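Q: Just dropping this structure here.
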Amino acid sequence: MLSVTNVSFKYNDHVVLNEISARVNSGEFLAIVGESGSGKSTLLKLVFGQMDVGSGSISWKKQPILGPKNKLIIGHDFMKYVAQEFDLMPYTSVSENIGDHLSNFYPEEKKARIEELVKVVELNGFENTKVQFLSGGQKQRVALARAIAKRPEIILLDEPFSHIDNFKKQSLRRNLFEYLKENNIACVVATHDKNDVLSFADQMMVLHKGKVIISDCPSKVYSNPKHPLVAAFFGEYSTIDGDLYYAHQISLADESALKAVVKHSLYKGHYYLIEAELNGTLICFKNMCSLEQNSVVSLKLSRL
């Protein structure tokens, strides 16, 4: 189990993290979300031992995670960290990068392992391509495969799909997280993408200015966001009479006291996002068709 207990960290006099606690069991997936500068990446670096904890403690299976002050070589054999800057060998092939830390004493097993991971990250056909000739998204996939090559007990991922285009992102996300779950590998992900969280995470922690504002399973966080930052992570929302409503919780009514003036109809594929003014405040709701600009509509509100 990963145990993060009352961890605080500051850079000079700036507090980056303030008394953060979390628990992640083997095979579980913790998603850490928040705005840029909220402390997500810093927390991952502390868990990896790349920086020293200011106060509090971090351990894996009761083994303390030590920083540079107490450990000459950063990192641990049971843990891998994939940062936003990829640590790859540009002048060697995809296969050589993935298999770099695999034993050469068992060449057949090594070859099979590399082939398995190439499929996981969907780089079939690029096995012999030198990394320097790959796109940013392809390099990110190599970094992911390289990190799980030796089956770590826990993996830390910082925006793991940020360079990968939408044509590959959906299936790659499924492949990777299913692989980690099947192999009982704990995972901590710092992300801005709700699609990394809703279908896969066991726990979700939201950071705001270095503090945890909510921590629970994704379904409960989604159903009761409590904070505008949390609602914004999941999609378009509006504040009406002090309560938060997602766009799909606001709909047209035949007649109601809730009147709004339509400002824009934005095509979103299978629906339109309607921007409207309600009591001087801009709100958003979903509708199956566009609405006439400046028309007055009646609205109704629903809860999850």
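Ordering of the structure tokens sets the chain letters (A, B, ...); residue numbers start at 1 within each chain; ligands are numbered from 1 in the order shown.
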For stretch 166-174 of chain A, please output as a tab-separated table (two decimals) with all heavy atoms, in the first residue's frame all residues within 7 Å (counting only C-alpha atoms; exclusion window: fewer than 4 positions along the same chain).
A:
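out00.tsv written:
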```tsv
chain	number	residue	atom	x	y	z
A	121	VAL	N	0.69	-0.49	-26.21
A	121	VAL	CA	0.75	0.95	-26.52
A	121	VAL	C	0.52	1.24	-28.01
A	121	VAL	O	0.71	2.37	-28.47
A	121	VAL	CB	2.09	1.57	-26.06
A	121	VAL	CG1	2.24	1.45	-24.56
A	121	VAL	CG2	3.28	0.92	-26.77
A	122	GLU	N	0.10	0.21	-28.74
A	122	GLU	CA	-0.31	0.36	-30.15
A	122	GLU	C	0.77	0.99	-31.02
A	122	GLU	O	0.54	1.96	-31.75
A	122	GLU	CB	-1.61	1.17	-30.22
A	122	GLU	CG	-2.76	0.53	-29.47
A	122	GLU	CD	-4.05	1.32	-29.57
A	122	GLU	OE1	-4.04	2.43	-30.11
A	122	GLU	OE2	-5.10	0.80	-29.11
A	161	PHE	N	-1.30	11.05	-21.37
A	161	PHE	CA	-1.79	11.03	-22.75
A	161	PHE	C	-1.81	12.43	-23.37
A	161	PHE	O	-2.49	12.65	-24.38
A	161	PHE	CB	-3.20	10.42	-22.78
A	161	PHE	CG	-3.30	9.11	-22.04
A	161	PHE	CD1	-4.00	9.04	-20.84
A	161	PHE	CD2	-2.68	7.98	-22.51
A	161	PHE	CE1	-4.10	7.85	-20.14
A	161	PHE	CE2	-2.75	6.77	-21.82
A	161	PHE	CZ	-3.46	6.71	-20.63
A	178	GLU	N	-6.31	-1.20	-18.29
A	178	GLU	CA	-6.71	-2.60	-18.14
A	178	GLU	C	-5.50	-3.47	-17.86
A	178	GLU	O	-5.55	-4.41	-17.05
A	178	GLU	CB	-7.44	-3.07	-19.40
A	178	GLU	CG	-8.86	-2.51	-19.51
A	178	GLU	CD	-9.50	-2.82	-20.85
A	178	GLU	OE1	-8.89	-3.62	-21.62
A	178	GLU	OE2	-10.58	-2.28	-21.14
```
Q: Please give the complete set of residues from stretch 12-48 of chain A that DSSP, run on the backbone, assigns to strand (DSSP E or B), formatted as a PyMOL selection string.
A: chain A and resi 14-24+29-34
Q: Pick out the residues sitting within 10 Å of A:Gln138, and hand them over as a VMD selection string; count only C-alpha atoms, and ignore anything fewer than 5 positions along from it in its own chain.
A: chain A and resid 94 121 to 123 126 131 133 143 to 144 163 to 165 168
Q: Give me, as a ChimeraX atom specification, all polymer residues having an atom no more than 9 Å from stretch 36-49 of chain A, counting only C-alpha atoms and skipping those fewer than 4 positions away in the same chain.
A: /A:2,4,7,9,16-17,20,32,53,58-59,65-68,71,74-76,79-81,83,156-158,188-192,207-211
Q: List the neighbours of A:Phe29 out to 7 Å using only C-alpha atoms; skip same-chain residues closer than 6 positions along the sequence, and give me the result as an mmCIF file with all heavy atoms, in the first residue's frame.
A:
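The new file around.cif reads:
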```cif
data_model
loop_
_atom_site.group_PDB
_atom_site.id
_atom_site.type_symbol
_atom_site.label_atom_id
_atom_site.label_comp_id
_atom_site.auth_asym_id
_atom_site.auth_seq_id
_atom_site.Cartn_x
_atom_site.Cartn_y
_atom_site.Cartn_z
ATOM 1 N N ALA A 186 -0.394 -0.825 -8.890
ATOM 2 C CA ALA A 186 -1.006 0.413 -8.390
ATOM 3 C C ALA A 186 -0.622 1.567 -9.309
ATOM 4 O O ALA A 186 0.471 1.591 -9.886
ATOM 5 C CB ALA A 186 -0.552 0.694 -6.970
ATOM 6 N N CYS A 187 -1.515 2.534 -9.427
ATOM 7 C CA CYS A 187 -1.292 3.633 -10.370
ATOM 8 C C CYS A 187 -1.755 4.949 -9.752
ATOM 9 O O CYS A 187 -2.853 5.033 -9.196
ATOM 10 C CB CYS A 187 -2.073 3.341 -11.660
ATOM 11 S SG CYS A 187 -1.932 4.611 -12.929
ATOM 12 N N VAL A 188 -0.905 5.964 -9.850
ATOM 13 C CA VAL A 188 -1.265 7.320 -9.438
ATOM 14 C C VAL A 188 -1.069 8.218 -10.657
ATOM 15 O O VAL A 188 0.026 8.282 -11.212
ATOM 16 C CB VAL A 188 -0.411 7.818 -8.258
ATOM 17 C CG1 VAL A 188 -0.861 9.224 -7.838
ATOM 18 C CG2 VAL A 188 -0.496 6.854 -7.084
ATOM 19 N N ALA A 201 -10.596 5.217 -12.579
ATOM 20 C CA ALA A 201 -10.036 5.493 -11.252
ATOM 21 C C ALA A 201 -10.885 4.883 -10.138
ATOM 22 O O ALA A 201 -12.112 4.884 -10.199
ATOM 23 C CB ALA A 201 -9.889 6.999 -11.032
ATOM 24 N N ASP A 202 -10.220 4.362 -9.119
ATOM 25 C CA ASP A 202 -10.903 3.907 -7.907
ATOM 26 C C ASP A 202 -11.115 5.071 -6.946
ATOM 27 O O ASP A 202 -12.091 5.101 -6.200
ATOM 28 C CB ASP A 202 -10.073 2.821 -7.211
ATOM 29 C CG ASP A 202 -9.870 1.605 -8.091
ATOM 30 O OD1 ASP A 202 -10.862 0.916 -8.350
ATOM 31 O OD2 ASP A 202 -8.730 1.364 -8.532
ATOM 32 N N GLN A 203 -10.171 6.014 -6.967
ATOM 33 C CA GLN A 203 -10.249 7.188 -6.101
ATOM 34 C C GLN A 203 -9.906 8.427 -6.916
ATOM 35 O O GLN A 203 -9.149 8.358 -7.881
ATOM 36 C CB GLN A 203 -9.244 7.096 -4.944
ATOM 37 C CG GLN A 203 -9.330 5.855 -4.083
ATOM 38 C CD GLN A 203 -8.169 5.823 -3.103
ATOM 39 O OE1 GLN A 203 -7.976 6.732 -2.296
ATOM 40 N NE2 GLN A 203 -7.374 4.773 -3.181
#
```
